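Heads up, entry_25.cif below (mmCIF, C-alpha atoms and all ligand atoms):
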```cif
data_work
loop_
_atom_site.label_atom_id
_atom_site.label_comp_id
_atom_site.auth_asym_id
_atom_site.auth_seq_id
_atom_site.Cartn_x
_atom_site.Cartn_y
_atom_site.Cartn_z
CA MET A 299 27.52 81.88 -94.52
CA ILE A 300 26.45 78.85 -92.49
CA TYR A 301 24.64 76.42 -94.73
CA LEU A 302 22.39 74.01 -92.83
CA ASP A 303 20.24 72.84 -95.72
CA HIS A 304 22.21 69.94 -97.20
CA ASN A 305 19.02 67.87 -97.54
CA ALA A 306 17.74 70.45 -100.04
CA THR A 307 20.93 70.36 -102.05
CA THR A 308 24.68 70.25 -101.56
CA PRO A 309 27.44 72.45 -102.94
CA VAL A 310 29.17 70.86 -105.93
CA ASP A 311 32.49 69.41 -104.80
CA PRO A 312 35.44 71.26 -106.40
CA ALA A 313 36.77 68.00 -107.88
CA VAL A 314 33.36 67.40 -109.49
CA ALA A 315 33.27 70.90 -110.97
CA GLU A 316 36.77 70.45 -112.30
CA ARG A 317 36.04 67.12 -113.91
CA MET A 318 32.83 68.38 -115.48
CA ALA A 319 34.59 71.48 -116.86
CA TRP A 320 37.30 69.25 -118.36
CA PHE A 321 34.68 66.95 -119.83
CA LEU A 322 32.63 69.77 -121.34
CA LYS A 323 35.72 71.26 -122.94
CA GLU A 324 37.21 68.02 -124.23
CA HIS A 325 34.32 65.65 -124.96
CA PHE A 326 31.30 66.77 -126.93
CA GLY A 327 30.62 63.48 -128.69
CA ASN A 328 27.24 61.75 -128.68
CA PRO A 329 27.61 58.48 -126.77
CA SER A 330 25.37 56.76 -129.33
CA SER A 331 27.87 57.53 -132.14
CA ILE A 332 30.08 54.61 -133.06
CA TYR A 333 33.17 56.61 -134.09
CA PRO A 334 35.91 57.33 -131.53
CA ILE A 335 34.70 60.65 -130.04
CA GLY A 336 31.31 59.08 -129.31
CA ARG A 337 32.85 55.87 -128.01
CA LYS A 338 35.10 57.83 -125.65
CA VAL A 339 32.07 59.56 -124.11
CA LYS A 340 30.33 56.21 -123.76
CA GLU A 341 33.42 54.85 -122.01
CA LEU A 342 33.48 57.79 -119.55
CA MET A 343 29.77 57.35 -118.95
CA ASN A 344 30.28 53.70 -118.22
CA GLU A 345 33.02 54.50 -115.72
CA ALA A 346 30.49 56.69 -113.92
CA ARG A 347 27.86 53.96 -114.20
CA GLU A 348 30.35 51.54 -112.66
CA ARG A 349 30.89 53.91 -109.73
CA VAL A 350 27.16 54.38 -109.09
CA ALA A 351 26.66 50.61 -109.33
CA GLY A 352 29.63 49.86 -107.07
CA SER A 353 28.42 52.27 -104.41
CA LEU A 354 25.03 50.52 -104.36
CA GLY A 355 26.49 47.00 -104.49
CA VAL A 356 24.94 46.14 -107.87
CA ASP A 357 26.03 45.54 -111.47
CA ARG A 358 26.69 48.28 -113.97
CA GLY A 359 23.95 46.95 -116.23
CA GLU A 360 21.37 47.55 -113.51
CA ILE A 361 21.94 51.33 -113.34
CA PHE A 362 19.87 53.64 -115.57
CA PHE A 363 20.60 57.36 -115.63
CA THR A 364 17.65 59.75 -115.49
CA GLY A 365 17.10 63.51 -115.27
CA SER A 366 16.59 63.62 -111.47
CA GLY A 367 15.57 61.73 -108.38
CA THR A 368 12.03 62.82 -109.18
CA GLU A 369 12.20 61.23 -112.63
CA SER A 370 13.61 58.01 -111.18
CA ASP A 371 10.66 57.81 -108.78
CA ASN A 372 8.18 58.44 -111.62
CA PHE A 373 9.99 55.89 -113.79
CA ALA A 374 9.91 53.14 -111.15
CA ILE A 375 6.23 53.67 -110.35
CA PHE A 376 4.67 54.39 -113.76
CA GLY A 377 7.06 51.93 -115.42
CA THR A 378 5.95 49.10 -113.14
CA PHE A 379 2.22 49.78 -113.51
CA ASP A 380 2.58 50.14 -117.29
CA ALA A 381 4.37 46.78 -117.41
CA ALA A 382 1.65 44.95 -115.47
CA PRO A 383 -1.65 46.70 -116.22
CA GLU A 384 -3.66 43.90 -114.60
CA LYS A 385 -2.37 45.07 -111.20
CA ASN A 386 -4.28 48.08 -109.97
CA GLU A 387 -3.25 48.65 -106.38
CA PHE A 388 -0.27 50.66 -105.15
CA VAL A 389 1.03 50.76 -101.58
CA THR A 390 3.19 53.64 -100.40
CA SER A 391 3.65 55.66 -97.22
CA ALA A 392 2.09 58.88 -95.99
CA ILE A 393 5.48 60.58 -95.63
CA GLU A 394 6.96 60.13 -99.11
CA HIS A 395 8.56 62.95 -101.04
CA PRO A 396 6.17 64.74 -103.46
CA ALA A 397 7.97 62.87 -106.28
CA VAL A 398 6.19 59.73 -105.05
CA ILE A 399 3.03 61.24 -103.50
CA GLU A 400 2.12 63.18 -106.65
CA THR A 401 2.84 60.15 -108.81
CA ALA A 402 0.54 58.12 -106.57
CA LYS A 403 -2.18 60.75 -107.02
CA ALA A 404 -1.74 60.54 -110.80
CA LEU A 405 -2.15 56.74 -110.57
CA GLU A 406 -5.35 57.25 -108.57
CA LYS A 407 -6.72 59.32 -111.45
CA ARG A 408 -6.02 56.35 -113.70
CA GLY A 409 -8.13 54.16 -111.41
CA VAL A 410 -5.34 52.61 -109.33
CA LYS A 411 -6.24 52.15 -105.66
CA VAL A 412 -3.52 53.70 -103.49
CA THR A 413 -2.89 52.93 -99.82
CA TYR A 414 -0.83 55.53 -97.95
CA LEU A 415 0.60 53.59 -95.01
CA PRO A 416 0.47 55.51 -91.74
CA VAL A 417 3.58 56.05 -89.61
CA ASP A 418 4.08 56.15 -85.86
CA GLU A 419 5.12 59.21 -83.84
CA TYR A 420 8.72 58.74 -84.98
CA GLY A 421 7.86 58.41 -88.65
CA THR A 422 8.29 54.65 -88.98
CA VAL A 423 5.96 52.65 -91.24
CA GLY A 424 4.09 49.83 -89.47
CA LEU A 425 4.71 46.35 -90.85
CA ASP A 426 1.29 45.07 -89.74
CA GLU A 427 -0.36 47.89 -91.68
CA LEU A 428 1.77 46.92 -94.66
CA ARG A 429 0.72 43.26 -94.41
CA SER A 430 -2.94 44.14 -94.32
CA ALA A 431 -2.63 46.54 -97.26
CA LEU A 432 -1.18 43.95 -99.65
CA THR A 433 -3.51 42.02 -101.95
CA PRO A 434 -3.07 39.87 -105.08
CA LYS A 435 -3.82 43.07 -107.03
CA THR A 436 -0.89 45.04 -105.54
CA GLY A 437 1.49 45.98 -108.34
CA LEU A 438 4.18 47.77 -106.31
CA VAL A 439 5.21 48.88 -102.84
CA SER A 440 7.19 52.13 -102.65
CA VAL A 441 8.56 53.25 -99.28
CA MET A 442 11.39 55.75 -98.93
CA HIS A 443 14.65 54.67 -97.30
CA ALA A 444 15.15 57.83 -95.23
CA ASN A 445 12.81 60.77 -94.87
CA ASN A 446 13.96 64.16 -96.12
CA GLU A 447 12.30 66.20 -93.36
CA ILE A 448 12.93 64.19 -90.20
CA GLY A 449 15.52 61.63 -91.36
CA THR A 450 13.70 58.52 -90.09
CA ILE A 451 15.07 55.33 -91.66
CA GLN A 452 12.49 52.74 -92.74
CA PRO A 453 12.81 48.96 -92.27
CA ILE A 454 13.21 48.40 -96.02
CA ALA A 455 14.65 44.86 -95.82
CA GLU A 456 11.64 43.72 -93.74
CA ILE A 457 9.24 45.51 -96.08
CA VAL A 458 10.86 43.69 -99.01
CA ARG A 459 10.58 40.31 -97.25
CA ILE A 460 6.87 40.80 -96.64
CA ALA A 461 6.18 42.03 -100.19
CA HIS A 462 8.31 39.40 -101.92
CA GLU A 463 6.54 36.57 -100.05
CA ARG A 464 3.55 37.72 -102.08
CA ASP A 465 5.57 38.30 -105.29
CA ILE A 466 5.12 42.05 -105.09
CA PRO A 467 8.06 44.22 -106.25
CA VAL A 468 9.44 47.01 -104.03
CA HIS A 469 10.85 50.43 -104.87
CA THR A 470 12.68 52.64 -102.41
CA ASP A 471 13.58 56.29 -102.78
CA ALA A 472 17.11 56.41 -101.35
CA VAL A 473 17.79 60.03 -102.32
CA GLN A 474 18.31 61.09 -98.69
CA SER A 475 20.06 57.99 -97.37
CA PHE A 476 22.59 57.64 -100.21
CA GLY A 477 25.94 59.03 -99.10
CA LYS A 478 24.82 59.38 -95.49
CA ILE A 479 24.46 55.72 -94.50
CA ASP A 480 25.38 52.51 -96.35
CA VAL A 481 22.91 51.83 -99.12
CA ASP A 482 23.31 48.33 -100.53
CA ALA A 483 20.47 47.58 -102.94
CA ARG A 484 21.09 43.81 -102.81
CA LYS A 485 21.14 43.66 -99.03
CA LEU A 486 17.96 45.71 -98.91
CA GLY A 487 16.57 43.32 -101.52
CA VAL A 488 14.64 45.98 -103.43
CA ASP A 489 13.72 45.73 -107.10
CA PHE A 490 14.09 49.47 -107.78
CA LEU A 491 16.06 52.18 -105.98
CA THR A 492 16.31 55.93 -106.65
CA VAL A 493 19.36 58.16 -106.13
CA SER A 494 20.16 61.75 -107.11
CA ALA A 495 23.57 63.40 -107.65
CA HIS A 496 22.89 66.83 -106.18
CA LYS A 497 22.39 65.46 -102.68
CA VAL A 498 25.90 63.99 -102.72
CA TYR A 499 27.91 67.03 -103.86
CA GLY A 500 27.29 66.29 -107.52
CA PRO A 501 25.46 68.37 -110.16
CA LYS A 502 21.72 69.00 -110.33
CA GLY A 503 19.56 67.41 -112.99
CA ILE A 504 21.02 63.93 -112.91
CA GLY A 505 19.62 60.92 -111.11
CA ALA A 506 19.75 57.17 -111.44
CA LEU A 507 17.39 54.27 -111.01
CA TYR A 508 18.64 50.84 -110.01
CA ILE A 509 16.53 48.23 -111.75
CA ARG A 510 17.16 44.68 -110.53
CA ARG A 511 18.04 42.46 -113.46
CA GLY A 512 14.86 40.73 -114.59
CA ALA A 513 12.49 43.22 -112.95
CA ASN A 514 9.38 43.95 -114.98
CA ILE A 515 9.33 47.61 -116.08
CA CYS A 516 8.41 49.72 -119.11
CA PRO A 517 10.17 52.91 -120.25
CA PHE A 518 8.87 56.12 -118.74
CA VAL A 519 10.50 58.46 -121.28
CA ARG A 520 10.00 57.00 -124.76
CA GLY A 521 12.09 57.60 -127.86
CA GLY A 522 15.54 56.40 -128.88
CA ARG A 523 17.50 53.42 -127.62
CA GLN A 524 19.53 55.25 -124.96
CA GLU A 525 19.92 53.56 -121.57
CA ARG A 526 19.24 50.21 -123.23
CA GLY A 527 15.88 51.41 -124.48
CA LEU A 528 14.49 52.14 -121.03
CA ARG A 529 15.15 55.89 -120.84
CA ALA A 530 15.21 57.69 -124.14
CA GLY A 531 16.89 61.03 -124.83
CA THR A 532 20.51 61.94 -125.45
CA GLU A 533 22.16 61.53 -122.08
CA ASN A 534 23.25 64.34 -119.76
CA THR A 535 26.82 63.22 -120.33
CA ALA A 536 28.53 65.93 -118.23
CA GLY A 537 26.05 65.34 -115.41
CA ILE A 538 26.73 61.61 -115.53
CA VAL A 539 30.50 62.14 -115.45
CA GLY A 540 30.03 64.59 -112.55
CA PHE A 541 27.85 62.08 -110.69
CA GLY A 542 30.60 59.46 -111.03
CA GLU A 543 33.20 61.88 -109.71
CA ALA A 544 30.96 62.85 -106.77
CA ILE A 545 30.83 59.19 -105.77
CA ARG A 546 34.59 58.83 -106.11
CA VAL A 547 35.03 61.79 -103.71
CA LEU A 548 32.37 60.39 -101.37
CA GLU A 549 34.23 57.10 -101.18
CA GLU A 550 37.60 58.79 -100.77
CA LYS A 551 36.32 60.84 -97.82
CA GLY A 552 34.62 57.75 -96.44
CA ARG A 553 33.26 57.11 -92.98
CA LYS A 554 35.58 59.59 -91.31
CA GLU A 555 33.77 62.51 -92.91
CA ARG A 556 30.38 60.97 -92.16
CA SER A 557 31.17 60.60 -88.50
CA ARG A 558 32.60 64.14 -88.34
CA VAL A 559 29.30 65.52 -89.64
CA GLU A 560 27.27 63.26 -87.33
CA LYS A 561 29.24 64.48 -84.31
CA LEU A 562 28.61 68.11 -85.29
CA ALA A 563 24.89 67.36 -85.62
CA GLU A 564 24.83 65.63 -82.24
CA ALA A 565 26.54 68.64 -80.64
CA LEU A 566 24.00 70.97 -82.26
CA LYS A 567 21.09 68.82 -81.07
CA LYS A 568 22.40 68.70 -77.51
CA GLY A 569 23.10 72.42 -77.50
CA ILE A 570 19.59 73.29 -78.69
CA GLU A 571 18.02 70.98 -76.10
CA GLU A 572 20.09 72.57 -73.34
CA LYS A 573 19.74 76.19 -74.35
CA ILE A 574 16.13 76.13 -75.55
CA PRO A 575 14.27 73.74 -73.22
CA SER A 576 10.93 74.40 -74.95
CA ALA A 577 12.30 73.10 -78.30
CA ARG A 578 10.75 69.77 -79.31
CA PHE A 579 12.70 67.28 -81.38
CA ASN A 580 10.74 65.77 -84.29
CA GLY A 581 11.71 62.35 -85.56
CA HIS A 582 13.22 59.10 -84.39
CA PRO A 583 15.61 59.39 -81.45
CA GLU A 584 18.00 56.79 -82.90
CA ASN A 585 16.96 55.24 -86.16
CA ARG A 586 17.45 58.24 -88.40
CA ILE A 587 19.94 60.09 -90.57
CA LYS A 588 21.99 61.73 -87.85
CA SER A 589 22.81 64.85 -89.86
CA THR A 590 19.10 65.78 -90.12
CA LEU A 591 17.66 67.71 -87.17
CA ASN A 592 14.04 68.83 -87.08
CA PHE A 593 12.88 70.93 -84.14
CA ALA A 594 9.56 72.54 -83.24
CA PHE A 595 9.58 75.83 -81.36
CA PRO A 596 6.00 75.89 -80.04
CA GLY A 597 4.27 79.24 -80.19
CA LEU A 598 6.45 80.58 -83.01
CA GLU A 599 6.20 80.55 -86.79
CA ALA A 600 9.00 78.63 -88.52
CA GLU A 601 9.10 81.27 -91.24
CA ALA A 602 9.96 83.98 -88.72
CA ILE A 603 12.80 81.87 -87.29
CA LEU A 604 14.06 81.05 -90.76
CA LEU A 605 14.13 84.70 -91.82
CA ALA A 606 15.76 85.84 -88.58
CA LEU A 607 18.47 83.21 -89.04
CA ALA A 608 18.90 84.25 -92.67
CA THR A 609 19.74 87.80 -91.57
CA LYS A 610 22.70 86.22 -89.77
CA GLU A 611 23.54 84.26 -92.93
CA ILE A 612 22.46 81.00 -91.34
CA TYR A 613 20.37 79.03 -93.81
CA VAL A 614 17.89 76.42 -92.63
CA SER A 615 14.59 75.22 -94.03
CA THR A 616 11.05 74.49 -93.03
CA GLY A 617 11.18 71.02 -94.55
CA SER A 618 11.01 69.88 -98.11
CA ALA A 619 12.48 72.42 -100.55
CA CYS A 620 9.67 71.52 -102.89
CA SER A 621 7.00 72.68 -100.45
CA GLU A 622 8.87 75.74 -99.24
CA GLU A 623 6.75 78.14 -101.23
CA SER A 624 3.40 76.66 -100.34
CA GLU A 625 1.41 77.55 -97.26
CA GLU A 626 0.58 73.95 -96.54
CA VAL A 627 1.57 72.29 -93.31
CA SER A 628 4.17 69.56 -93.81
CA HIS A 629 2.43 66.25 -94.56
CA VAL A 630 5.31 64.48 -92.84
CA LEU A 631 4.94 66.35 -89.55
CA GLN A 632 1.17 65.87 -89.71
CA ALA A 633 1.65 62.15 -90.31
CA ILE A 634 3.74 61.81 -87.14
CA GLY A 635 0.83 63.36 -85.27
CA LEU A 636 1.93 66.97 -84.76
CA LYS A 637 -0.81 69.55 -84.44
CA PRO A 638 -0.74 72.01 -87.37
CA GLU A 639 0.50 74.86 -85.15
CA ILE A 640 3.40 72.74 -83.87
CA ALA A 641 4.22 71.60 -87.41
CA ARG A 642 4.20 75.23 -88.52
CA SER A 643 6.73 76.06 -85.80
CA SER A 644 9.23 73.44 -87.00
CA ILE A 645 12.52 73.99 -88.78
CA ARG A 646 14.92 71.53 -90.36
CA MET A 647 18.67 71.81 -90.08
CA SER A 648 20.59 69.41 -92.28
CA LEU A 649 24.33 69.31 -91.89
CA GLY A 650 27.00 68.30 -94.35
CA ARG A 651 30.51 68.61 -95.63
CA SER A 652 30.58 72.41 -95.53
CA ASN A 653 29.98 72.63 -91.76
CA THR A 654 32.55 73.18 -89.04
CA GLU A 655 32.65 73.32 -85.23
CA GLU A 656 32.65 77.12 -85.48
CA ASP A 657 29.37 76.95 -87.43
CA ILE A 658 27.75 74.98 -84.63
CA ALA A 659 29.04 77.35 -81.97
CA CYS A 660 27.69 80.28 -83.94
CA VAL A 661 24.22 78.71 -84.39
CA LEU A 662 24.14 77.91 -80.68
CA ARG A 663 24.84 81.59 -79.94
CA GLU A 664 22.36 83.04 -82.42
CA LEU A 665 19.40 80.65 -82.33
CA PRO A 666 18.58 80.94 -78.58
CA GLU A 667 18.75 84.74 -78.90
CA ILE A 668 16.41 84.70 -81.90
CA ILE A 669 13.93 82.40 -80.16
CA LYS A 670 13.99 84.64 -77.07
CA ARG A 671 13.43 87.76 -79.12
CA LEU A 672 10.63 86.22 -81.18
CA ARG A 673 8.94 84.97 -78.04
CA ALA A 674 9.07 88.46 -76.57
CA ILE A 675 7.27 89.92 -79.57
CA THR A 676 4.80 87.06 -79.98
CA ALA A 677 1.62 88.05 -78.17
CA PHE A 678 0.44 84.56 -77.36
CA HIS A 679 2.72 81.72 -76.42
CA PRO A 680 0.91 78.60 -75.24
CA GLU A 681 3.90 77.44 -73.24
CA GLY A 682 4.08 80.69 -71.28
C1 LIG B 1 13.48 61.89 -100.61
C2 LIG B 1 13.62 62.64 -101.88
N1 LIG B 1 13.21 62.08 -103.02
C3 LIG B 1 13.32 62.69 -104.21
C4 LIG B 1 13.84 63.95 -104.29
C5 LIG B 1 13.92 64.61 -105.62
O1 LIG B 1 15.20 64.55 -106.16
P1 LIG B 1 15.57 65.57 -107.35
O2 LIG B 1 15.75 66.91 -106.70
O3 LIG B 1 16.84 65.03 -107.92
O4 LIG B 1 14.45 65.53 -108.30
C6 LIG B 1 14.28 64.60 -103.13
C7 LIG B 1 14.81 65.97 -103.18
O5 LIG B 1 14.59 66.77 -102.28
C8 LIG B 1 14.17 63.92 -101.89
O6 LIG B 1 14.55 64.48 -100.74
#
```
What do you get writing this file as C-alpha cells?
Amino acid sequence: MIYLDHNATTPVDPAVAERMAWFLKEHFGNPSSIYPIGRKVKELMNEARERVAGSLGVDRGEIFFTGSGTESDNFAIFGTFDAAPEKNEFVTSAIEHPAVIETAKALEKRGVKVTYLPVDEYGTVGLDELRSALTPKTGLVSVMHANNEIGTIQPIAEIVRIAHERDIPVHTDAVQSFGKIDVDARKLGVDFLTVSAHKVYGPKGIGALYIRRGANICPFVRGGRQERGLRAGTENTAGIVGFGEAIRVLEEKGRKERSRVEKLAEALKKGIEEKIPSARFNGHPENRIKSTLNFAFPGLEAEAILLALATKEIYVSTGSACSEESEEVSHVLQAIGLKPEIARSSIRMSLGRSNTEEDIACVLRELPEIIKRLRAITAFHPEG
C-alpha cells in the first residue's frame, strides 16, 4: 500500500501505540482523584501537557486538552464570543476547515456578522481586506495557519499585528502546520491555537487548544472542573499520554525526517509536471506545506483517478476528508478561482513518514498511465 493521505490522518507511531497500551494496562485512575493512582495519571498527563506546550513554545498552563481539532476550533470561537457578548462580528477566511466554517455559520444564526476573507489565486489571505473587515465590534479573527487541501501558509504574525493594534484577539487552526513546519505560538503572537494528535502520528480523538494566559474565553463544554474549569469531562487520559509520546517521537526524528519527506514530495511534483504536462498545480509555489501536493487533471473527474489509483493500492484524496462523501466542489479550490470542472478534476497527495523513494517511483509509473487511460475513455477533453 502507498499511503498519500497524511493530511487526512497519519498512522499511529509504534512507540505511541506501545506507550498507550502500557498506560491503559497500568493506569486506570481518574486524574481528579487525590489518592496515588489518580495523582500518577495526573502526573503523566502533565508530562504530555509539558511536551505539547514545549513544542509550541508556550507554558504548560496555557495548554487545554480537548476531544479533537474540531472541538478546539469550536472552543476558541464560541468561547470567545460567549466571553464578550457585546462583540458581534467575526472575521475568518473563505478557505477554513469545516470546523471553523460551520462554527461561523452557527454564529451567523445567533446574529453575529461574519466576514469570510477572500484569498488570492495561491490561497493567501489579503491583509488589506483584513484591515477593512475589522471594526470596533469585531470579537475575533480566525485564520488557519496552513490549509489542509493546498497547503498554503498564511501570514499569521502580520494578521496578529493588524488585529492586536485594534485589541482584537486572534485564533489560528494549526492542525495542518503542526509537525510539518515550526509552530511557535508566541512568535506568531496568537491568542488561541488549535492542534490535533492524529495528524502527527498520535491517536484520534484528542486535540489541544493553546489559550494565551489572560485571554478572555468561556468554557465550551460545561460540567466539572477538569482542565482548570475550561473543558469539563473526565479526560481522555490514554489519548493525552499518546499525544505526548507522538510529540516526543516528532522531536526525536526532527528536521531530518521533515526534509526527507519534503524531498520526496518535490520529486513527485517534478515527476508529475514532466510526465503529465496537462496537470495543473493548485496552491502556492513556495509558501506552502511542501508535503501537500494538489493537482488538477483538466477534463477528468478526480473520483475516477482516485478509484483507479486505489485499485493499485495507492491512496490519495480529493481534498478534505470531511467533504469526501459530499458532491460539493471544494470551497478552497473555488476560493482560489478554479472553475468547478477544474476543481472537480483535482486530487490531493499528502506525503508523510510512511513514504519511501520506491513509493514515489511507483506513483510516477502508475499515475501517467491512469491519466492516459482515463483520457482515452473520456469522450470530451477540453485540452484535446
Ligand atoms: C485544518 C484542519 N482543522 C481541523 C481539523 C479537524 O481536526 P480533528 O480531525 O482532530 O477534528 C482538520 C482535520 O482534517 C484540519 O485539517
Interatomic distance, atom CA of Lys385 of chain A to atom CA of Asp418 of chain A (Å, one decimal):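 Atom CA of Asp418 of chain A lies 28.4 Å from atom CA of Lys385 of chain A.
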Thr308 of chain A environment, 7 Å, all atoms listed in the file, sequence neighbours closer than 2 positions dropped, as a list in words: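 These residues fall inside the cut-off: His304, Val310, His496, Lys497, Val498 and Tyr499 of chain A.
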Take the residues from that selection and write them out as a JSON list (two decimals), in the coordinates of the input, keeping C-alpha atoms.
```json
[["chain", "number", "residue", "atom", "x", "y", "z"],
["A", 304, "HIS", "CA", 22.21, 69.94, -97.20],
["A", 310, "VAL", "CA", 29.17, 70.86, -105.93],
["A", 496, "HIS", "CA", 22.89, 66.83, -106.18],
["A", 497, "LYS", "CA", 22.39, 65.46, -102.68],
["A", 498, "VAL", "CA", 25.90, 63.99, -102.72],
["A", 499, "TYR", "CA", 27.91, 67.03, -103.86]]
```
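The coordinates place atom CA of Ala392 of chain A at 29.8 Å from atom CA of Phe541 of chain A.
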Calculate, to one decimal in Å, the centre and edge lengths of the box along x, y and z of the file that holds all listed atoms of ligand LIG 1 (chain B) with 6 Å of margin on each side, and present them as AutoDock Vina command-line options.
```
--center_x 15.0 --center_y 64.4 --center_z -104.5 --size_x 15.6 --size_y 17.0 --size_z 19.7
```
Test item: residues lying within 7 Å of ligand LIG 1 (chain B) with all atoms listed in the file, as a VMD selection string: chain A and resid 305 to 306 366 to 369 394 to 395 397 442 444 to 446 471 to 474 494 to 496 502 to 505 618 to 620
So that I have them on file, write out the residues from the current selection with C-alpha atoms, as a short mmCIF file (atom, residue, chain, number, x, y, z; two decimals), in the frame of the given file.
```cif
data_model
loop_
_atom_site.label_atom_id
_atom_site.label_comp_id
_atom_site.auth_asym_id
_atom_site.auth_seq_id
_atom_site.Cartn_x
_atom_site.Cartn_y
_atom_site.Cartn_z
CA ASN A 305 19.02 67.87 -97.54
CA ALA A 306 17.74 70.45 -100.04
CA SER A 366 16.59 63.62 -111.47
CA GLY A 367 15.57 61.73 -108.38
CA THR A 368 12.03 62.82 -109.18
CA GLU A 369 12.20 61.23 -112.63
CA GLU A 394 6.96 60.13 -99.11
CA HIS A 395 8.56 62.95 -101.04
CA ALA A 397 7.97 62.87 -106.28
CA MET A 442 11.39 55.75 -98.93
CA ALA A 444 15.15 57.83 -95.23
CA ASN A 445 12.81 60.77 -94.87
CA ASN A 446 13.96 64.16 -96.12
CA ASP A 471 13.58 56.29 -102.78
CA ALA A 472 17.11 56.41 -101.35
CA VAL A 473 17.79 60.03 -102.32
CA GLN A 474 18.31 61.09 -98.69
CA SER A 494 20.16 61.75 -107.11
CA ALA A 495 23.57 63.40 -107.65
CA HIS A 496 22.89 66.83 -106.18
CA LYS A 502 21.72 69.00 -110.33
CA GLY A 503 19.56 67.41 -112.99
CA ILE A 504 21.02 63.93 -112.91
CA GLY A 505 19.62 60.92 -111.11
CA SER A 618 11.01 69.88 -98.11
CA ALA A 619 12.48 72.42 -100.55
CA CYS A 620 9.67 71.52 -102.89
#
```
Residues within 9 Å of Arg429 of chain A, all atoms listed in the file, excluding chain neighbours under 6 positions, as a PyMOL selection string: chain A and resi 457+460-461
Contact residues around Glu341 of chain A with all atoms listed in the file at 12 Å, ignoring same-chain residues under 5 positions, as a ChimeraX atom specification: /A:325,327-332,334-336,346-348,535,538-539
Pairwise distance for atom CA of Arg646 of chain A and atom CA of Val488 of chain A, rounded to one decimal in Å: 28.7 Å
When you get a chance, write out N, CA and C atoms for segment 665-677 of chain A, as a short mmCIF file (atom, residue, chain, number, x, y, z; two decimals), keeping the file's coordinate frame.
```cif
data_model
loop_
_atom_site.label_atom_id
_atom_site.label_comp_id
_atom_site.auth_asym_id
_atom_site.auth_seq_id
_atom_site.Cartn_x
_atom_site.Cartn_y
_atom_site.Cartn_z
N LEU A 665 20.77 81.20 -82.36
CA LEU A 665 19.40 80.65 -82.33
C LEU A 665 18.67 80.93 -81.01
N PRO A 666 19.30 80.67 -79.83
CA PRO A 666 18.58 80.94 -78.58
C PRO A 666 18.19 82.42 -78.46
N GLU A 667 19.05 83.30 -78.93
CA GLU A 667 18.75 84.74 -78.90
C GLU A 667 17.52 85.05 -79.76
N ILE A 668 17.52 84.47 -80.95
CA ILE A 668 16.41 84.70 -81.90
C ILE A 668 15.10 84.19 -81.30
N ILE A 669 15.15 82.99 -80.74
CA ILE A 669 13.93 82.40 -80.16
C ILE A 669 13.43 83.29 -79.02
N LYS A 670 14.36 83.77 -78.18
CA LYS A 670 13.99 84.64 -77.07
C LYS A 670 13.33 85.93 -77.57
N ARG A 671 13.95 86.51 -78.59
CA ARG A 671 13.43 87.76 -79.12
C ARG A 671 12.05 87.56 -79.76
N LEU A 672 11.92 86.48 -80.53
CA LEU A 672 10.63 86.22 -81.18
C LEU A 672 9.54 85.94 -80.15
N ARG A 673 9.92 85.24 -79.10
CA ARG A 673 8.94 84.97 -78.04
C ARG A 673 8.48 86.28 -77.41
N ALA A 674 9.41 87.18 -77.21
CA ALA A 674 9.07 88.46 -76.57
C ALA A 674 8.08 89.27 -77.40
N ILE A 675 8.18 89.12 -78.74
CA ILE A 675 7.27 89.92 -79.57
C ILE A 675 6.04 89.13 -80.02
N THR A 676 5.97 87.86 -79.62
CA THR A 676 4.80 87.06 -79.98
C THR A 676 3.78 87.19 -78.85
N ALA A 677 2.60 87.72 -79.20
CA ALA A 677 1.62 88.05 -78.17
C ALA A 677 1.19 86.84 -77.35
#
```
